[in-house]
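Novice: Sending over input39.txt (compact mmCIF, C-alpha atoms).
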# COMPACT_ATOMS: atom_id res chain seq x y z
CA MET A 1 119.78 95.76 84.62
CA ASP A 2 123.23 96.95 85.44
CA LYS A 3 124.86 100.06 84.06
CA ARG A 4 127.12 98.24 81.63
CA ALA A 5 124.24 96.52 79.86
CA ILE A 6 122.50 99.85 79.39
CA LEU A 7 125.71 101.35 78.07
CA ALA A 8 126.16 98.46 75.63
CA ILE A 9 122.61 98.85 74.31
CA ALA A 10 123.13 102.60 73.93
CA VAL A 11 126.33 102.05 71.94
CA VAL A 12 124.63 99.54 69.62
CA LEU A 13 121.72 101.91 69.02
CA LEU A 14 124.13 104.74 68.31
CA ILE A 15 126.00 102.66 65.75
CA PHE A 16 122.74 101.72 64.03
CA ALA A 17 121.63 105.35 63.97
CA VAL A 18 124.91 106.42 62.39
CA ILE A 19 124.67 103.67 59.77
CA ILE A 20 121.11 104.68 58.87
CA VAL A 21 122.05 108.34 58.53
CA TYR A 22 125.10 107.35 56.55
CA GLU A 23 123.18 105.11 54.14
CA TRP A 24 120.27 107.41 53.45
CA GLY A 25 121.20 110.83 54.74
CA GLY A 26 121.55 113.38 51.96
CA SER A 27 124.75 115.21 52.81
CA TRP A 28 126.75 111.99 53.06
CA GLN A 29 125.97 110.72 49.57
CA GLY A 30 128.28 113.19 47.87
CA TYR A 31 131.22 112.24 50.06
CA LYS A 32 130.57 108.57 49.64
CA SER A 33 130.59 108.50 45.85
CA ALA A 34 133.56 110.88 45.75
CA LEU A 35 135.55 108.70 48.14
CA LYS A 36 134.52 105.48 46.40
CA ASP A 37 135.61 106.61 42.92
CA GLN A 38 139.02 107.61 44.14
CA LYS A 39 141.19 104.68 45.17
CA GLN A 40 144.15 106.67 46.40
CA ILE A 41 142.97 109.48 48.61
CA THR A 42 145.20 112.49 48.72
CA ARG A 43 144.93 115.63 50.77
CA GLU A 44 144.51 117.74 47.65
CA PHE A 45 141.63 115.54 46.55
CA LEU A 46 139.86 116.03 49.86
CA GLU A 47 140.33 119.79 49.67
CA GLU A 48 139.18 119.94 46.07
CA LYS A 49 135.94 118.11 46.85
CA GLN A 50 135.61 120.03 50.11
CA ILE A 51 135.43 116.87 52.15
CA PRO A 52 136.37 117.46 55.77
CA ILE A 53 139.06 115.08 56.94
CA TYR A 54 136.95 113.64 59.74
CA ALA A 55 134.49 112.41 57.09
CA LEU A 56 137.17 110.04 55.91
CA VAL A 57 137.63 108.64 59.43
CA ILE A 58 133.90 108.07 59.87
CA PHE A 59 133.61 106.67 56.35
CA THR A 60 136.35 104.13 57.03
CA ILE A 61 134.90 103.05 60.38
CA ILE A 62 131.42 102.47 58.96
CA GLU A 63 132.65 100.70 55.82
CA TYR A 64 134.72 98.27 57.89
CA ILE A 65 131.89 97.53 60.28
CA LYS A 66 129.59 96.92 57.32
CA TYR A 67 132.07 94.48 55.79
CA SER A 68 132.68 92.52 58.93
CA TRP A 69 129.61 92.36 61.17
CA LEU A 70 128.19 89.14 59.71
CA CYS A 71 131.53 87.36 59.85
CA LEU A 72 132.00 88.57 63.40
CA LEU A 73 128.62 87.22 64.45
CA LEU A 74 129.62 83.81 63.09
CA ALA A 75 132.99 84.07 64.81
CA PHE A 76 131.38 84.75 68.18
CA LEU A 77 129.02 81.79 67.82
CA ALA A 78 131.90 79.55 66.73
CA ALA A 79 134.00 80.63 69.70
CA GLY A 80 131.15 79.89 72.09
CA ALA A 81 130.56 76.48 70.52
CA ILE A 82 134.23 75.54 70.73
CA GLN A 83 134.39 76.52 74.38
CA GLU A 84 131.29 74.56 75.32
CA PHE A 85 131.48 71.46 73.11
CA ILE A 86 135.17 70.67 72.69
CA PRO A 87 136.87 69.22 75.76
CA GLN A 88 140.01 71.31 76.03
CA GLU A 89 141.69 68.93 78.46
CA LYS A 90 141.71 66.13 75.90
CA VAL A 91 143.41 68.30 73.30
CA MET A 92 145.95 69.28 75.92
CA LYS A 93 146.71 65.62 76.67
CA LEU A 94 147.17 64.90 72.97
CA LEU A 95 149.75 67.65 72.87
CA GLY A 96 151.74 66.17 75.70
CA SER A 97 151.78 62.65 74.32
CA GLY A 98 153.34 61.27 71.20
CA ARG A 99 156.67 61.75 69.56
CA GLY A 100 157.88 63.33 66.38
CA PHE A 101 155.72 65.34 64.11
CA LEU A 102 152.28 64.93 65.67
CA PRO A 103 152.69 67.19 68.75
CA TYR A 104 153.98 69.94 66.48
CA LEU A 105 150.94 69.64 64.24
CA ILE A 106 148.52 69.74 67.17
CA GLY A 107 150.48 72.57 68.76
CA ALA A 108 150.41 74.72 65.66
CA GLY A 109 146.80 73.89 64.81
CA GLY A 110 145.39 73.82 68.34
CA GLY A 111 144.98 77.56 68.63
CA PRO A 112 141.22 77.91 68.27
CA VAL A 113 140.55 75.12 70.75
CA LEU A 114 143.00 76.11 73.42
CA SER A 115 143.10 79.87 73.44
CA MET A 116 140.05 82.07 73.44
CA CYS A 117 141.90 85.14 74.56
CA SER A 118 145.15 86.50 73.27
CA CYS A 119 146.40 87.15 76.79
CA SER A 120 145.94 83.50 77.75
CA VAL A 121 148.48 82.16 75.28
CA ILE A 122 151.51 82.51 77.56
CA PRO A 123 150.10 80.56 80.55
CA ILE A 124 149.14 77.76 78.15
CA PHE A 125 152.62 77.85 76.67
CA GLY A 126 154.10 77.63 80.17
CA GLY A 127 151.79 74.80 81.14
CA LEU A 128 152.54 72.81 78.01
CA TYR A 129 156.26 73.24 78.49
CA ARG A 130 156.35 72.37 82.18
CA ARG A 131 154.07 69.42 81.66
CA GLY A 132 156.58 67.91 79.30
CA ALA A 133 155.01 68.60 75.93
CA GLY A 134 158.47 69.57 74.73
CA LEU A 135 159.89 72.96 73.97
CA GLY A 136 159.27 72.72 70.22
CA PRO A 137 155.52 72.00 70.22
CA ALA A 138 154.97 74.60 72.95
CA ILE A 139 156.68 77.24 70.81
CA ALA A 140 154.76 76.10 67.75
CA PHE A 141 151.58 76.71 69.72
CA LEU A 142 152.74 80.09 71.00
CA LEU A 143 153.57 81.37 67.54
CA ALA A 144 150.74 79.91 65.50
CA ALA A 145 147.82 80.30 67.93
CA PRO A 146 147.10 84.03 67.40
CA ALA A 147 146.51 83.47 63.67
CA PHE A 148 143.85 80.87 64.52
CA ASN A 149 141.83 82.86 66.99
CA PRO A 150 138.29 82.43 65.55
CA ALA A 151 137.52 86.14 65.65
CA ALA A 152 140.84 87.04 64.03
CA LEU A 153 140.27 84.45 61.32
CA PHE A 154 136.78 85.61 60.40
CA LEU A 155 137.78 89.26 60.59
CA ASN A 156 140.69 88.59 58.25
CA PHE A 157 138.34 86.99 55.82
CA ALA A 158 135.91 89.89 55.96
CA LEU A 159 138.43 92.70 55.70
CA LEU A 160 141.39 91.27 53.81
CA GLY A 161 139.78 88.62 51.60
CA TRP A 162 140.29 84.89 51.23
CA LYS A 163 143.76 85.06 49.70
CA PHE A 164 145.20 86.75 52.77
CA THR A 165 143.28 84.46 55.12
CA VAL A 166 144.29 81.17 53.49
CA ALA A 167 147.89 82.28 53.05
CA ARG A 168 148.06 83.48 56.63
CA VAL A 169 146.80 80.20 58.06
CA ILE A 170 149.21 78.12 55.97
CA ILE A 171 152.16 80.41 56.65
CA ALA A 172 151.47 80.71 60.38
CA MET A 173 151.28 76.92 60.80
CA THR A 174 154.38 76.27 58.74
CA ALA A 175 156.40 79.01 60.40
CA GLY A 176 155.24 77.97 63.88
CA MET A 177 156.25 74.35 63.38
CA LEU A 178 159.52 75.22 61.67
CA VAL A 179 160.62 77.79 64.25
CA GLY A 180 159.52 75.50 67.09
CA TYR A 181 161.48 72.59 65.63
CA ILE A 182 164.67 74.55 65.02
CA THR A 183 164.57 76.25 68.42
CA ASP A 184 164.03 72.87 70.07
CA LYS A 185 167.00 71.34 68.25
CA VAL A 186 169.29 74.27 68.98
CA MET A 187 168.29 75.14 72.54
CA ALA A 188 166.76 72.12 74.28
CA LYS A 189 170.14 70.70 75.30
CA ARG A 190 171.60 74.02 76.37
CA ILE A 191 168.98 74.98 78.91
CA LYS A 192 168.12 73.05 82.01
CA LYS A 193 165.10 70.83 81.98
CA PRO A 194 161.92 72.31 83.49
CA GLU A 195 160.76 71.01 86.83
CA PRO A 196 157.89 68.70 86.07
CA LEU A 197 154.56 69.92 87.23
CA HIS A 198 151.41 68.13 88.16
CA ILE A 199 148.47 69.99 86.86
CA GLU A 200 145.11 69.43 88.40
CA SER A 201 142.56 69.58 85.71
CA GLU A 202 138.99 70.55 85.91
CA THR A 203 138.02 67.04 84.88
CA ASP A 204 139.31 65.93 88.30
CA VAL A 205 136.41 67.89 89.66
CA ALA A 206 133.25 65.86 89.14
CA GLU A 207 131.44 66.96 86.04
CA GLU A 208 127.70 66.87 85.93
CA LYS A 209 125.83 65.79 82.86
CA LYS A 210 124.08 68.65 81.14
CA SER A 211 121.15 68.55 78.77
CA PHE A 212 121.58 69.75 75.20
CA GLY A 213 119.39 72.80 75.74
CA LYS A 214 121.46 73.83 78.75
CA ARG A 215 124.61 73.47 76.71
CA ILE A 216 123.24 75.73 73.96
CA VAL A 217 122.45 78.35 76.62
CA ASN A 218 125.99 77.97 77.95
CA MET A 219 127.38 78.31 74.46
CA LEU A 220 125.51 81.59 73.96
CA LEU A 221 126.75 82.86 77.32
CA TYR A 222 130.32 82.09 76.33
CA SER A 223 129.71 83.83 73.00
CA TRP A 224 128.51 86.91 74.87
CA GLU A 225 131.59 86.93 77.06
CA PHE A 226 133.66 86.72 73.93
CA VAL A 227 131.79 89.66 72.43
CA LYS A 228 132.51 91.79 75.49
CA MET A 229 136.18 90.88 75.26
CA VAL A 230 136.74 91.30 71.55
CA LEU A 231 134.46 94.12 70.48
CA PRO A 232 136.47 96.91 72.13
CA LEU A 233 139.61 95.63 70.40
CA ILE A 234 137.89 95.66 67.03
CA LEU A 235 136.66 99.20 67.59
CA ILE A 236 140.19 100.31 68.49
CA GLY A 237 141.52 98.71 65.30
CA VAL A 238 138.85 100.27 63.12
CA VAL A 239 139.32 103.74 64.58
CA PHE A 240 143.08 103.46 64.10
CA ALA A 241 142.59 102.40 60.49
CA GLY A 242 140.42 105.47 59.92
CA LEU A 243 142.97 107.76 61.54
CA ILE A 244 145.80 106.27 59.49
CA LYS A 245 143.90 106.81 56.26
CA ALA A 246 143.09 110.37 57.17
CA PHE A 247 146.34 111.59 58.67
CA LEU A 248 149.26 109.43 57.53
CA PRO A 249 150.17 110.59 54.01
CA PRO A 250 150.22 107.69 51.51
CA SER A 251 153.61 108.82 50.22
CA PHE A 252 155.05 108.09 53.68
CA ILE A 253 153.50 104.63 53.79
CA ILE A 254 154.61 103.85 50.23
CA LYS A 255 158.15 104.87 51.09
CA TYR A 256 158.54 102.76 54.23
CA LEU A 257 155.93 100.02 53.90
CA GLY A 258 155.41 99.88 50.15
CA VAL A 259 156.80 97.42 47.66
CA GLY A 260 160.22 95.79 47.85
CA ILE A 261 162.40 93.90 50.27
CA PHE A 262 163.21 96.71 52.68
CA PRO A 263 159.54 97.40 53.56
CA ILE A 264 159.04 93.66 54.14
CA MET A 265 162.00 93.50 56.50
CA LEU A 266 160.80 96.60 58.32
CA ALA A 267 157.19 95.37 58.62
CA SER A 268 158.41 92.02 59.94
CA ALA A 269 160.63 93.73 62.54
CA ILE A 270 157.84 96.06 63.67
CA GLY A 271 155.62 93.00 64.04
CA VAL A 272 158.14 91.22 66.26
CA LEU A 273 158.46 94.13 68.66
CA MET A 274 155.14 95.95 68.71
CA TYR A 275 152.21 94.73 70.73
CA VAL A 276 149.19 94.22 68.49
CA PRO A 277 146.31 92.29 70.10
CA SER A 278 145.36 89.50 67.74
CA ILE A 279 142.10 91.15 66.66
CA VAL A 280 143.30 94.66 65.90
CA GLU A 281 145.63 93.72 63.08
CA ALA A 282 143.01 93.03 60.40
CA PRO A 283 141.41 96.52 60.22
CA LEU A 284 144.83 98.10 60.76
CA ILE A 285 146.42 96.24 57.84
CA ARG A 286 143.46 96.96 55.59
CA GLY A 287 143.79 100.67 56.36
CA LEU A 288 147.50 100.54 55.56
CA LEU A 289 146.92 98.52 52.38
CA GLU A 290 144.41 101.08 51.16
CA SER A 291 146.98 103.81 51.77
CA GLY A 292 149.68 102.05 49.78
CA MET A 293 151.25 99.30 51.90
CA GLY A 294 152.71 96.46 49.83
CA THR A 295 151.13 92.99 50.05
CA GLY A 296 154.43 91.42 51.07
CA ALA A 297 154.94 93.83 53.94
CA ALA A 298 151.32 93.27 55.02
CA MET A 299 151.78 89.49 55.12
CA ALA A 300 155.07 89.78 57.00
CA HIS A 301 153.35 91.92 59.61
CA LEU A 302 150.35 89.61 59.84
CA LEU A 303 152.68 86.72 60.62
CA THR A 304 154.90 88.35 63.21
CA GLY A 305 152.55 91.03 64.60
CA PRO A 306 150.12 89.16 66.81
CA ALA A 307 152.45 86.19 67.38
CA LEU A 308 155.23 88.19 68.98
CA SER A 309 155.63 91.37 70.93
CA LEU A 310 158.02 92.79 73.46
CA PRO A 311 155.60 92.22 76.38
CA SER A 312 155.01 88.63 75.28
CA ILE A 313 158.75 87.98 74.96
CA LEU A 314 159.30 89.37 78.45
CA GLY A 315 156.48 87.18 79.78
CA VAL A 316 158.01 84.09 78.23
CA CYS A 317 161.39 84.99 79.78
CA LYS A 318 159.88 84.34 83.20
CA ILE A 319 159.14 80.75 82.23
CA VAL A 320 162.12 79.69 80.13
CA ASP A 321 165.70 80.78 79.65
CA PRO A 322 165.76 84.21 77.92
CA LYS A 323 167.90 82.73 75.16
CA VAL A 324 164.90 80.77 73.90
CA PRO A 325 162.70 83.77 73.05
CA ALA A 326 165.77 85.49 71.58
CA VAL A 327 166.33 82.57 69.20
CA TYR A 328 162.72 82.17 68.14
CA SER A 329 162.20 85.93 67.68
CA VAL A 330 165.08 86.13 65.21
CA LEU A 331 163.88 83.00 63.41
CA MET A 332 160.37 84.36 63.27
CA TRP A 333 161.63 87.62 61.80
CA VAL A 334 163.38 85.65 59.04
CA CYS A 335 160.19 83.65 58.45
CA GLY A 336 158.25 86.91 58.20
CA VAL A 337 160.62 88.21 55.53
CA ILE A 338 160.48 84.95 53.54
CA ALA A 339 156.69 84.73 53.84
CA GLY A 340 156.35 88.35 52.76
CA LEU A 341 158.49 87.78 49.69
CA ILE A 342 156.59 84.64 48.68
CA PHE A 343 153.22 86.29 49.16
CA TRP A 344 154.34 89.39 47.29
CA VAL A 345 155.30 87.22 44.29
CA LEU A 346 151.99 85.32 44.40
CA VAL A 347 149.68 88.27 45.09
CA PRO A 348 151.36 91.48 43.93
CA VAL A 349 148.36 93.80 44.45
CA PHE A 350 145.67 94.00 47.10
CA MET B 351 138.98 80.95 103.66
CA LYS B 352 141.37 81.73 100.86
CA ILE B 353 140.20 82.45 97.33
CA GLU B 354 142.78 82.85 94.61
CA ILE B 355 142.14 84.21 91.15
CA PHE B 356 144.70 83.60 88.46
CA GLY B 357 144.86 85.79 85.39
CA PRO B 358 147.22 88.22 83.72
CA GLY B 359 144.62 90.99 83.74
CA CYS B 360 142.34 90.62 80.77
CA PRO B 361 138.64 91.57 81.02
CA ARG B 362 137.67 87.98 81.80
CA CYS B 363 139.92 87.96 84.85
CA VAL B 364 138.41 91.20 86.09
CA GLU B 365 134.94 89.75 85.66
CA ILE B 366 135.67 86.57 87.62
CA GLU B 367 137.14 88.58 90.49
CA LYS B 368 133.99 90.68 90.64
CA ARG B 369 131.81 87.58 90.70
CA ALA B 370 133.96 85.92 93.36
CA ARG B 371 133.63 88.95 95.65
CA GLU B 372 129.90 88.99 95.08
CA ALA B 373 129.66 85.30 95.91
CA VAL B 374 131.63 85.85 99.11
CA SER B 375 129.28 88.54 100.31
CA LYS B 376 126.23 86.48 99.30
CA ALA B 377 127.50 83.46 101.21
CA GLY B 378 128.18 85.73 104.21
CA VAL B 379 131.65 84.42 104.92
CA THR B 380 134.91 86.22 105.45
CA ALA B 381 137.47 85.37 102.83
CA ASP B 382 140.72 86.62 101.39
CA VAL B 383 140.30 87.23 97.71
CA GLU B 384 143.71 87.35 96.13
CA LYS B 385 144.50 88.11 92.53
CA ILE B 386 147.62 86.52 91.05
CA ARG B 387 148.81 88.30 87.93
CA ASP B 388 152.40 87.11 87.62
CA ILE B 389 152.67 84.67 84.72
CA ALA B 390 155.40 82.58 86.33
CA LYS B 391 153.25 82.15 89.45
CA ILE B 392 150.19 81.29 87.37
CA VAL B 393 152.13 78.56 85.61
CA ASP B 394 153.61 77.33 88.92
CA ALA B 395 150.11 77.02 90.32
CA GLY B 396 149.26 74.67 87.49
CA ILE B 397 146.77 76.93 85.79
CA MET B 398 146.88 76.67 82.02
CA HIS B 399 143.61 78.25 81.12
CA THR B 400 143.16 81.67 82.56
CA PRO B 401 141.14 82.83 84.36
CA GLY B 402 141.57 80.20 87.05
CA LEU B 403 139.84 80.01 90.42
CA LYS B 404 141.12 78.20 93.48
CA ILE B 405 139.35 77.99 96.83
CA ASN B 406 141.48 76.86 99.77
CA GLY B 407 144.06 75.67 97.28
CA LYS B 408 141.65 73.47 95.34
CA LEU B 409 141.12 74.15 91.67
CA LYS B 410 137.47 74.93 91.03
CA SER B 411 137.42 76.28 87.51
CA SER B 412 139.75 77.31 84.75
CA GLY B 413 139.35 78.75 81.29
CA ARG B 414 135.83 79.95 81.92
CA ILE B 415 133.88 82.36 84.08
CA PRO B 416 131.57 80.50 86.46
CA ASN B 417 128.44 82.31 87.60
CA VAL B 418 127.96 83.72 91.08
CA ASP B 419 125.74 80.88 92.31
CA GLU B 420 128.29 78.30 91.23
CA ILE B 421 131.05 80.08 93.13
CA LYS B 422 128.77 80.46 96.16
CA LYS B 423 128.12 76.70 96.12
CA TRP B 424 131.87 75.99 96.08
CA ILE B 425 132.41 78.41 98.95
CA GLU B 426 129.71 76.69 101.01
CA GLU B 427 131.28 73.29 100.31
CA GLU B 428 134.55 74.56 101.71
CA ILE B 429 133.26 75.97 104.98
Please express the file's structure as structure tokens.

Specialist:
Amino acid sequence: MDKRAILAIAVVLLIFAVIIVYEWGGSWQGYKSALKDQKQITREFLEEKQIPIYALVIFTIIEYIKYSWLCLLLAFLAAGAIQEFIPQEKVMKLLGSGRGFLPYLIGAGGGPVLSMCSCSVIPIFGGLYRRGAGLGPAIAFLLAAPAFNPAALFLNFALLGWKFTVARVIIAMTAGMLVGYITDKVMAKRIKKPEPLHIESETDVAEEKKSFGKRIVNMLLYSWEFVKMVLPLILIGVVFAGLIKAFLPPSFIIKYLGVGIFPIMLASAIGVLMYVPSIVEAPLIRGLLESGMGTGAAMAHLLTGPALSLPSILGVCKIVDPKVPAVYSVLMWVCGVIAGLIFWVLVPVF
Amino acid sequence: MKIEIFGPGCPRCVEIEKRAREAVSKAGVTADVEKIRDIAKIVDAGIMHTPGLKINGKLKSSGRIPNVDEIKKWIEEEI
């Protein structure tokens, strides 16, 4: 066994040990009930109950893991199954063919099939564009895909609830298609056409028939690769959420990211610029919501956060004219504000 | 022999590079293992699903991480 496997097992055992101590250990019970009764946690409250601030960080981390581990397990299996059983090349061809509305729909909804990794979105975008799928559908894919990442979807459901998850999926698809369509109409004639590109596909390489059992094994292997990729991101998100709850005073969050139109605009703008890997956002937003973030601002950030970031915009600039990302970033910011306002009206409290 | 690995630098791309190097030493050949991280170049090379693996300019796999024996077999085919 190599060192990394041993390390992974050690980490899992450690997490289990902490959870057991946390659930049944005596000294934790007092903190737990005290923290649970109090929705808004203030510094004075922690001092009054003599709860050390690090207890809050640990409490948050464990609570989030408890909420989400089952959903994550399902997400990993689903991701493995998609990778093994759905022929990605065929979906890709569907995207390139057809006129009108259909490529947009496949582009915006094709996320879970085409991208398993948030860093792989840009090469797929480039490939789609150069292959002649059209600028619009390629942008629709680029913007909507991160919301459909299986792990992100399940984690959203576990940590933010079904309202956020359903709304996010609908909003991300709509915004992706809309922004893609408008950008296509405005920019396609002003930039020069991409050089067409022949793409060898893996199906050109002879594919051997595999038995069902072998495919299940493959699926589990893919799932495991996915676990190795995504788990560190989730841990980062959860730790950040704990730190935010412990050290960022709620009054600060309420002032800048609370209720109203200004926080929604700000959250949308932060989402456009800041790099948030598409798994980290769910625990992060939950932490912020618990500390007083408004639902509208949260939705705005969920839409623009993983879809756009400065590094991603710079990456896209290497493939298309820089005016294109400029146009769709602004449009996406507007969409974030509108989506935030709508969601705020529909679901005023978390 | 020339082995090219295409990927912007996520953990999957690191893993495939490791396996490719292992396959090279197992097959006992001398080969240039090159990592291409530039997104424009990845797209130019026709790779849509990272990580991608090319041996002597021929696409062997993309969007997944083949195991060491698989890569070794491809290397032996190319000798």

Novice: At a cut-off of 6 Å, list the chain A residues touching chain B, using all atoms listed in the file, as a PyMOL selection string.

Specialist: chain A and resi 120+123-124+126-127+199+318-319

Novice: Leaving out Leu155 of chain A and any residue of its chain fewer than 4 positions from it, which residues lie within 10 Å of it when counting all atoms listed in the file, given as a list of chain:residue names?

Specialist: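 Surrounding residues, per the criterion: A:Tyr64, A:Tyr67, A:Ser68, A:Trp69, A:Leu70, A:Cys71, A:Leu72, A:Ala75, A:Asn149, A:Pro150, A:Ala151, A:Leu159, A:Leu160, A:Gly161, A:Thr165, A:Ile234, A:Ile279, A:Val280, A:Glu281, A:Ala282, A:Pro283.
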
Novice: Could you tell me which of A:Met229, A:Val186, A:Leu235, A:Leu314 comes closest to Cys363 of chain B if we count all atoms listed in the file?

Specialist: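 Ranking A:Met229, A:Val186, A:Leu235, A:Leu314 by distance to Cys363 of chain B, first place goes to A:Met229.
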
Novice: Mind pulling up the distance from atom CA of Arg190 of chain A to atom CA of Pro103 of chain A?

Specialist: 21.5 Å

Novice: Emit as lines of an AutoDock Vina configuration file the padded axis-aligned box for all listed atoms of segment 374-380 of chain B, 5 Å per side, with centre and edge lengths in Å to one decimal.

Specialist:
center_x = 130.6
center_y = 86.0
center_z = 102.3
size_x = 18.7
size_y = 15.1
size_z = 16.3

Novice: Report, in Å to a single decimal, how far apart atom CA of Lys245 of chain A and atom CA of Leu153 of chain A are.

Specialist: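 So the answer is 23.2 Å.
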
Novice: So that I can see what lies close to Ala5 of chain A, please list as a PyMOL selection string the residues with an atom at most 12 Å from it, counting only C-alpha atoms and leaving out residues fewer than 6 positions away in the same chain.

Specialist: chain A and resi 11-12+224+228

Novice: For atom CA of Leu94 of chain A and atom CA of Thr174 of chain A, determine how far apart the two atoms are, in Å to one decimal place.

Specialist: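 Distance reported for this atom pair: 19.6 Å.
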
Novice: Using all atoms listed in the file, which protein or nucleic acid residues come within 9 Å of Met351 of chain B? Drop anything in the same chain fewer than 3 positions from it, and give the result as a PyMOL selection string.

Specialist: chain B and resi 379-383+405-406+425+428-429

Novice: Any chance you can output those residues with C-alpha atoms as a compact mmCIF listing (two decimals), keeping the file's coordinate frame?

Specialist:
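New file out-v1.txt:
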# COMPACT_ATOMS: atom_id res chain seq x y z
CA VAL B 379 131.65 84.42 104.92
CA THR B 380 134.91 86.22 105.45
CA ALA B 381 137.47 85.37 102.83
CA ASP B 382 140.72 86.62 101.39
CA VAL B 383 140.30 87.23 97.71
CA ILE B 405 139.35 77.99 96.83
CA ASN B 406 141.48 76.86 99.77
CA ILE B 425 132.41 78.41 98.95
CA GLU B 428 134.55 74.56 101.71
CA ILE B 429 133.26 75.97 104.98

Novice: Check the smallest atom-to-atom distance from each of A:Thr183, A:Val166, A:Gly110, A:Leu105 to Gly136 of chain A using all atoms listed in the file, then report the winner.

Specialist: A:Thr183

Novice: Near Val418 of chain B, within 9 Å and counting all atoms listed in the file, which residues show up once chain neighbours fewer than 6 positions away are dropped, as an mmCIF file with C-alpha atoms, in the frame of the given file?

Specialist:
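To be explicit, this is the file written out as around12.cif:
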data_model
loop_
_atom_site.group_PDB
_atom_site.id
_atom_site.type_symbol
_atom_site.label_atom_id
_atom_site.label_comp_id
_atom_site.auth_asym_id
_atom_site.auth_seq_id
_atom_site.Cartn_x
_atom_site.Cartn_y
_atom_site.Cartn_z
ATOM 1 C CA ILE B 366 135.670 86.570 87.620
ATOM 2 C CA ARG B 369 131.810 87.580 90.700
ATOM 3 C CA ALA B 370 133.960 85.920 93.360
ATOM 4 C CA ARG B 371 133.630 88.950 95.650
ATOM 5 C CA GLU B 372 129.900 88.990 95.080
ATOM 6 C CA ALA B 373 129.660 85.300 95.910
ATOM 7 C CA LYS B 376 126.230 86.480 99.300
#

Novice: With distances taken over all atoms listed in the file, which of A:Ile182, A:Phe101, A:Ala188, A:Leu14 is nearest to Val320 of chain A?

Specialist: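 The shortest atom-to-atom distance to Val320 of chain A comes from A:Ala188.
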
Novice: Contacts of Leu331 of chain A at 8 Å or less, counting only C-alpha atoms, minus same-chain residues fewer than 4 places along, as JSON, numbers by chain?

Specialist: {"A": [179, 327, 335]}

Novice: Can you tell me, as JSON, numbers by chain, which residues sit within 7 Å of (141.1, 85.8, 96.5) in the file's frame, using all atoms listed in the file?

Specialist: {"B": [352, 353, 354, 355, 382, 383, 384, 385]}

Novice: When distances are computed from all atoms listed in the file, which of A:Ala307, A:Ala17, A:Ile65, A:Val276 shows the smallest separation from Ala108 of chain A?

Specialist: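 Closest candidate: A:Ala307.
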
Novice: Using all atoms listed in the file, which of A:Ala145, A:Leu178, A:Leu74, A:Val239 sits nearest Ile58 of chain A?

Specialist: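 The shortest atom-to-atom distance to Ile58 of chain A comes from A:Val239.
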